[in-house]
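Student: My file is input23.cif. It has mmCIF, C-alpha atoms:
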```cif
data_model
#
loop_
_atom_site.group_PDB
_atom_site.id
_atom_site.type_symbol
_atom_site.label_atom_id
_atom_site.label_comp_id
_atom_site.auth_asym_id
_atom_site.auth_seq_id
_atom_site.Cartn_x
_atom_site.Cartn_y
_atom_site.Cartn_z
ATOM 1 C CA MET W 1 -5.102 0.570 11.058
ATOM 2 C CA SER W 2 -7.851 1.796 13.340
ATOM 3 C CA ILE W 3 -7.638 -0.518 16.331
ATOM 4 C CA GLU W 4 -10.952 -0.942 18.081
ATOM 5 C CA ILE W 5 -12.865 -3.842 19.548
ATOM 6 C CA THR W 6 -14.917 -5.462 16.785
ATOM 7 C CA ASN W 7 -18.654 -5.507 17.334
ATOM 8 C CA GLU W 8 -20.144 -8.965 16.692
ATOM 9 C CA VAL W 9 -23.278 -7.351 15.235
ATOM 10 C CA GLU W 10 -21.158 -5.554 12.612
ATOM 11 C CA LEU W 11 -19.540 -8.837 11.623
ATOM 12 C CA HIS W 12 -22.948 -10.506 11.405
ATOM 13 C CA ASP W 13 -24.302 -7.699 9.188
ATOM 14 C CA GLU W 14 -21.274 -8.012 6.933
ATOM 15 C CA GLU W 15 -21.838 -11.754 6.599
ATOM 16 C CA LEU W 16 -25.497 -11.122 5.700
ATOM 17 C CA GLN W 17 -24.469 -8.650 3.007
ATOM 18 C CA ASP W 18 -22.008 -11.210 1.628
ATOM 19 C CA ALA W 19 -24.772 -13.840 1.624
ATOM 20 C CA ASN W 20 -26.995 -11.573 -0.517
ATOM 21 C CA TYR W 21 -24.280 -10.958 -3.106
ATOM 22 C CA GLN W 22 -24.460 -13.222 -6.152
ATOM 23 C CA PRO W 23 -21.139 -13.410 -8.032
ATOM 24 C CA PRO W 24 -21.223 -13.936 -11.798
ATOM 25 C CA PRO W 25 -20.963 -17.583 -12.899
ATOM 26 C CA GLU W 26 -17.454 -18.900 -13.479
ATOM 27 C CA LYS W 27 -16.493 -18.934 -17.154
ATOM 28 C CA THR W 28 -13.390 -20.115 -18.958
ATOM 29 C CA ILE W 29 -11.394 -17.737 -21.137
ATOM 30 C CA GLU W 30 -12.698 -19.610 -24.193
ATOM 31 C CA GLU W 31 -16.319 -19.032 -23.093
ATOM 32 C CA ILE W 32 -15.656 -15.331 -22.496
ATOM 33 C CA MET W 33 -14.018 -14.892 -25.914
ATOM 34 C CA ALA W 34 -16.829 -16.811 -27.675
ATOM 35 C CA ALA W 35 -19.581 -14.614 -26.185
ATOM 36 C CA ASP W 36 -20.699 -11.403 -27.917
ATOM 37 C CA GLN W 37 -18.641 -12.043 -31.063
ATOM 38 C CA GLU W 38 -20.924 -9.723 -33.075
ATOM 39 C CA ASP W 39 -19.974 -6.734 -30.870
ATOM 40 C CA GLU W 40 -16.688 -5.548 -32.404
ATOM 41 C CA SER W 41 -15.810 -3.017 -29.670
ATOM 42 C CA LEU W 42 -16.504 -5.532 -26.892
ATOM 43 C CA ARG W 43 -14.442 -8.177 -28.700
ATOM 44 C CA ARG W 44 -11.490 -5.763 -28.995
ATOM 45 C CA TYR W 45 -11.871 -4.762 -25.328
ATOM 46 C CA LYS W 46 -11.698 -8.423 -24.229
ATOM 47 C CA GLU W 47 -8.611 -8.972 -26.383
ATOM 48 C CA ILE W 48 -6.856 -6.027 -24.714
ATOM 49 C CA LEU W 49 -8.002 -7.113 -21.238
ATOM 50 C CA LEU W 50 -6.945 -10.750 -21.615
ATOM 51 C CA GLY W 51 -3.705 -10.084 -23.503
ATOM 52 C CA ALA W 52 -1.622 -13.232 -24.049
ATOM 53 C CA ALA W 53 -4.137 -15.363 -22.094
ATOM 54 C CA GLN W 54 -6.545 -15.407 -25.058
ATOM 55 C CA ALA W 55 -3.933 -16.963 -27.372
ATOM 56 C CA GLU W 56 -2.395 -19.517 -25.020
ATOM 57 C CA LYS W 57 -3.197 -21.179 -21.712
ATOM 58 C CA ILE W 58 -0.929 -19.532 -19.165
ATOM 59 C CA VAL W 59 0.316 -21.993 -16.578
ATOM 60 C CA VAL W 60 3.257 -20.862 -14.472
ATOM 61 C CA ASP W 61 3.429 -23.935 -12.218
ATOM 62 C CA MET W 62 2.171 -27.176 -13.795
ATOM 63 C CA ASN W 63 2.232 -28.911 -10.396
ATOM 64 C CA ASP W 64 -0.033 -26.350 -8.719
ATOM 65 C CA GLN W 65 -3.728 -26.497 -9.672
ATOM 66 C CA ARG W 66 -4.603 -23.190 -7.985
ATOM 67 C CA LYS W 67 -5.533 -20.197 -10.119
ATOM 68 C CA VAL W 68 -3.809 -17.726 -7.779
ATOM 69 C CA LEU W 69 -0.295 -18.265 -6.434
ATOM 70 C CA VAL W 70 0.336 -15.800 -3.599
ATOM 71 C CA LYS W 71 4.059 -15.073 -3.424
ATOM 72 C CA LYS W 72 4.754 -12.336 -0.934
ATOM 73 C CA LEU W 73 3.291 -9.917 1.621
ATOM 74 C CA ALA W 74 5.107 -6.654 2.309
ATOM 75 C CA LEU W 75 4.621 -3.766 4.717
ATOM 76 C CA VAL W 76 5.341 -0.576 2.794
ATOM 77 C CA VAL W 77 6.373 2.585 4.679
ATOM 78 C CA ASP W 78 7.596 5.681 2.832
ATOM 79 C CA GLY W 79 11.317 6.231 3.297
ATOM 80 C CA ARG W 80 11.986 2.699 4.573
ATOM 81 C CA LYS W 81 12.880 -0.587 2.896
ATOM 82 C CA ASP W 82 9.806 -2.824 2.469
ATOM 83 C CA MET W 83 9.455 -5.481 5.176
ATOM 84 C CA GLU W 84 8.587 -8.712 3.370
ATOM 85 C CA LEU W 85 7.188 -12.155 4.166
ATOM 86 C CA ASP W 86 7.865 -14.974 1.692
ATOM 87 C CA LEU W 87 4.564 -16.857 1.293
ATOM 88 C CA THR W 88 5.951 -19.676 -0.859
ATOM 89 C CA GLY W 89 7.585 -21.693 1.920
ATOM 90 C CA ASP W 90 6.568 -23.124 5.287
ATOM 91 C CA LEU W 91 3.709 -20.850 6.375
ATOM 92 C CA SER W 92 3.835 -22.158 9.949
ATOM 93 C CA GLN W 93 7.182 -20.372 10.405
ATOM 94 C CA LEU W 94 5.821 -16.906 9.562
ATOM 95 C CA LYS W 95 4.693 -16.112 13.117
ATOM 96 C CA LYS W 96 8.331 -16.276 14.211
ATOM 97 C CA GLN W 97 9.189 -13.319 11.938
ATOM 98 C CA VAL W 98 7.880 -10.316 13.845
ATOM 99 C CA PHE W 99 7.473 -7.065 11.928
ATOM 100 C CA VAL W 100 8.272 -4.030 14.064
ATOM 101 C CA ILE W 101 6.099 -1.011 13.240
ATOM 102 C CA LYS W 102 6.697 2.420 14.724
ATOM 103 C CA GLU W 103 3.554 3.715 16.419
ATOM 104 C CA GLY W 104 1.510 6.270 14.493
ATOM 105 C CA VAL W 105 3.293 5.639 11.176
ATOM 106 C CA GLN W 106 1.411 5.469 7.865
ATOM 107 C CA TYR W 107 1.845 2.119 6.095
ATOM 108 C CA LYS W 108 0.381 0.007 3.317
ATOM 109 C CA VAL W 109 0.229 -3.743 2.736
ATOM 110 C CA ARG W 110 1.391 -5.048 -0.655
ATOM 111 C CA ILE W 111 0.551 -8.540 -1.889
ATOM 112 C CA ASP W 112 2.423 -10.062 -4.833
ATOM 113 C CA PHE W 113 0.675 -12.866 -6.707
ATOM 114 C CA ILE W 114 0.483 -14.723 -10.003
ATOM 115 C CA VAL W 115 -2.760 -15.653 -11.764
ATOM 116 C CA GLN W 116 -2.613 -18.766 -13.928
ATOM 117 C CA ARG W 117 -4.962 -21.078 -15.879
ATOM 118 C CA GLU W 118 -8.163 -18.944 -15.863
ATOM 119 C CA ILE W 119 -9.459 -15.475 -15.017
ATOM 120 C CA VAL W 120 -10.073 -14.981 -11.317
ATOM 121 C CA HIS W 121 -13.105 -12.862 -10.359
ATOM 122 C CA GLY W 122 -13.473 -10.617 -7.342
ATOM 123 C CA LEU W 123 -10.215 -11.269 -5.521
ATOM 124 C CA LYS W 124 -10.433 -10.175 -1.885
ATOM 125 C CA TYR W 125 -7.828 -9.673 0.820
ATOM 126 C CA VAL W 126 -9.212 -10.171 4.334
ATOM 127 C CA GLN W 127 -7.137 -9.389 7.404
ATOM 128 C CA LYS W 128 -8.202 -10.003 11.017
ATOM 129 C CA THR W 129 -6.008 -8.604 13.780
ATOM 130 C CA TYR W 130 -5.924 -9.915 17.360
ATOM 131 C CA ARG W 131 -4.275 -8.803 20.577
ATOM 132 C CA LEU W 132 -4.063 -11.266 23.442
ATOM 133 C CA GLY W 133 -6.565 -13.434 21.555
ATOM 134 C CA VAL W 134 -9.173 -10.658 21.333
ATOM 135 C CA PRO W 135 -10.193 -9.416 17.848
ATOM 136 C CA VAL W 136 -9.330 -5.709 17.549
ATOM 137 C CA ASP W 137 -9.605 -5.010 13.812
ATOM 138 C CA LYS W 138 -10.905 -6.512 10.581
ATOM 139 C CA MET W 139 -10.400 -5.158 7.109
ATOM 140 C CA THR W 140 -11.576 -6.470 3.761
ATOM 141 C CA HIS W 141 -10.120 -5.085 0.547
ATOM 142 C CA MET W 142 -11.628 -5.759 -2.863
ATOM 143 C CA VAL W 143 -8.586 -6.504 -5.013
ATOM 144 C CA GLY W 144 -10.423 -7.000 -8.318
ATOM 145 C CA SER W 145 -10.553 -9.439 -11.238
ATOM 146 C CA TYR W 146 -7.389 -10.509 -13.023
ATOM 147 C CA PRO W 147 -6.512 -12.448 -16.196
ATOM 148 C CA PRO W 148 -3.717 -15.031 -16.190
ATOM 149 C CA LYS W 149 -0.245 -13.539 -16.696
ATOM 150 C CA LYS W 150 3.252 -14.952 -16.503
ATOM 151 C CA GLU W 151 4.374 -11.843 -14.621
ATOM 152 C CA ILE W 152 3.806 -11.142 -10.931
ATOM 153 C CA GLN W 153 0.856 -8.828 -10.300
ATOM 154 C CA CYS W 154 0.436 -6.884 -7.079
ATOM 155 C CA TYR W 155 -2.194 -5.183 -4.969
ATOM 156 C CA ILE W 156 -1.434 -2.379 -2.509
ATOM 157 C CA THR W 157 -3.947 -1.510 0.189
ATOM 158 C CA PRO W 158 -4.887 2.090 0.943
ATOM 159 C CA SER W 159 -2.719 3.755 3.584
ATOM 160 C CA GLU W 160 -3.398 2.786 7.212
ATOM 161 C CA GLU W 161 -2.172 4.450 10.395
ATOM 162 C CA ALA W 162 -0.541 2.264 13.027
ATOM 163 C CA PRO W 163 -2.048 2.785 16.480
ATOM 164 C CA SER W 164 -0.086 4.901 18.932
ATOM 165 C CA GLY W 165 0.197 5.472 22.647
ATOM 166 C CA LEU W 166 1.255 3.319 25.564
ATOM 167 C CA MET W 167 -1.877 1.151 25.465
ATOM 168 C CA ALA W 168 -1.447 0.391 21.770
ATOM 169 C CA ARG W 169 2.149 -0.806 22.033
ATOM 170 C CA GLY W 170 2.669 -4.551 22.034
ATOM 171 C CA THR W 171 2.385 -7.647 19.886
ATOM 172 C CA TYR W 172 -0.499 -8.342 17.507
ATOM 173 C CA SER W 173 -1.280 -11.540 15.633
ATOM 174 C CA VAL W 174 -2.846 -11.378 12.191
ATOM 175 C CA SER W 175 -4.829 -13.912 10.157
ATOM 176 C CA SER W 176 -4.748 -13.125 6.447
ATOM 177 C CA LEU W 177 -6.846 -14.655 3.696
ATOM 178 C CA PHE W 178 -6.723 -14.264 -0.079
ATOM 179 C CA THR W 179 -10.069 -15.377 -1.482
ATOM 180 C CA ASP W 180 -12.487 -14.521 -4.311
ATOM 181 C CA ASP W 181 -16.154 -14.203 -5.289
ATOM 182 C CA ASP W 182 -16.381 -17.978 -5.772
ATOM 183 C CA LYS W 183 -15.158 -18.583 -2.192
ATOM 184 C CA HIS W 184 -11.908 -20.223 -3.316
ATOM 185 C CA ILE W 185 -9.243 -19.934 -0.630
ATOM 186 C CA HIS W 186 -6.067 -19.145 -2.558
ATOM 187 C CA LEU W 187 -3.957 -18.768 0.572
ATOM 188 C CA LYS W 188 -4.487 -18.403 4.299
ATOM 189 C CA TRP W 189 -1.648 -17.468 6.612
ATOM 190 C CA ASP W 190 -0.887 -16.072 10.081
ATOM 191 C CA TRP W 191 1.776 -13.516 10.904
ATOM 192 C CA THR W 192 2.804 -11.163 13.713
ATOM 193 C CA PHE W 193 3.721 -7.522 14.156
ATOM 194 C CA GLU W 194 4.757 -5.437 17.132
ATOM 195 C CA ILE W 195 3.930 -1.776 17.698
ATOM 196 C CA LYS W 196 6.877 0.030 19.315
ATOM 197 C CA LYS W 197 7.695 3.613 20.230
ATOM 198 C CA ASP W 198 10.413 3.577 17.576
ATOM 199 C CA TRP W 199 11.599 1.279 14.806
ATOM 200 C CA GLU W 200 14.173 -0.488 16.995
#
```
What does the file become when written as structure tokens?
Tutor:
Amino acid sequence: MSIEITNEVELHDEELQDANYQPPPEKTIEEIMAADQEDESLRRYKEILLGAAQAEKIVVDMNDQRKVLVKKLALVVDGRKDMELDLTGDLSQLKKQVFVIKEGVQYKVRIDFIVQREIVHGLKYVQKTYRLGVPVDKMTHMVGSYPPKKEIQCYITPSEEAPSGLMARGTYSVSSLFTDDDKHIHLKWDWTFEIKKDWE
């Protein structure tokens, strides 16, 4: 994570770029399968891509109408056990679980999720980091488009470097958002990490 004070102009430019982007229209699996039936190679490609979702409606949780069920966030550091946050319970309690990150270490963020009901287009993971209430970093990762599956799917961010040095040490609060091209908010949560000289 490159920690630097976010420039409001950069954020504004990013919002303008987002405003110019036109996502494809939402389509059901049935509509996708019905299109281009005369193109044999495209039909076979869609069958491979959609897997079991083309034959049956995949619903993992009948009581949850969301297409994406976000299950877990993990900090992944080589040589260490993954530090995990359960995102299926009381999200207001997450800030009390402080991840300790050794300064200067390389880490990745892994998100585990389930897609049900319909294909989800253009999943995005957005993370805003604050220190003492001041925004210091924002990252947006394009996760991709996913068909419904009964199994947990996951996305791992590219490697980031934790900040280092005396000034970088301390507690950071993070606002995370899992969204998509159609502006659906699948989950929004806040969590906390602390940069220390060592793991303990």
Student: Can you pull out the residues contacting W:Tyr155? Cut-off 7 Å, using all atoms listed in the file, and skip same-chain residues under 3 positions away; I want them as a PyMOL selection string.
Tutor: chain W and resi 110-112+143
Student: Pull out every residue that the PyMOL selection byres ((chain W and resi 108) around 9) matches in the shown coordinates and put them as a ChimeraX atom specification.
Tutor: /W:74-77,106-107,109-110,156-161
Student: Determine the residue membership of the PyMOL selection byres ((chain W and resi 117-127) around 9) for the file above and supply it as a PyMOL selection string.
Tutor: chain W and resi 23-24+26-29+50+53+57-60+65-68+111+115-116+128-129+137-149+174-182
Student: Between atom CA of W:Tyr172 and atom CA of W:Lys96, what distance in Å does the model show, to one decimal?
Tutor: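 Interatomic distance here is 12.3 Å.
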Student: Evaluate the PyMOL selection byres ((chain W and resi 162) around 8) here and jot the selected residues down as a list of chain:residue names.
Tutor: W:Met1, W:Ser2, W:Ile101, W:Lys102, W:Glu103, W:Gly104, W:Val105, W:Gln106, W:Tyr107, W:Glu160, W:Glu161, W:Pro163, W:Ser164, W:Ile195
Student: Work out how far apart atom CA of W:Leu73 and atom CA of W:Asp86 are and give it in Å to one decimal.
Tutor: 6.8 Å
Student: State, in Å with one decimal place, the distance from atom CA of W:Arg169 to atom CA of W:Leu132.
Tutor: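 Atom CA of W:Arg169 sits 12.2 Å away from atom CA of W:Leu132.
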Student: Find the residue from W:Gly170, W:Leu85, W:Cys154, W:Leu187 that sits nearest to W:Val100; use only C-alpha atoms when measuring.
Tutor: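 Smallest distance to W:Val100 is found for W:Gly170.
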Student: For the point (9.3, -10.5, -11.1) in the file's frame, write as an MDAnalysis selection string all residues with an atom no more than 10 Å away, counting only C-alpha atoms.
Tutor: chainID W and resid 112:114 150:153
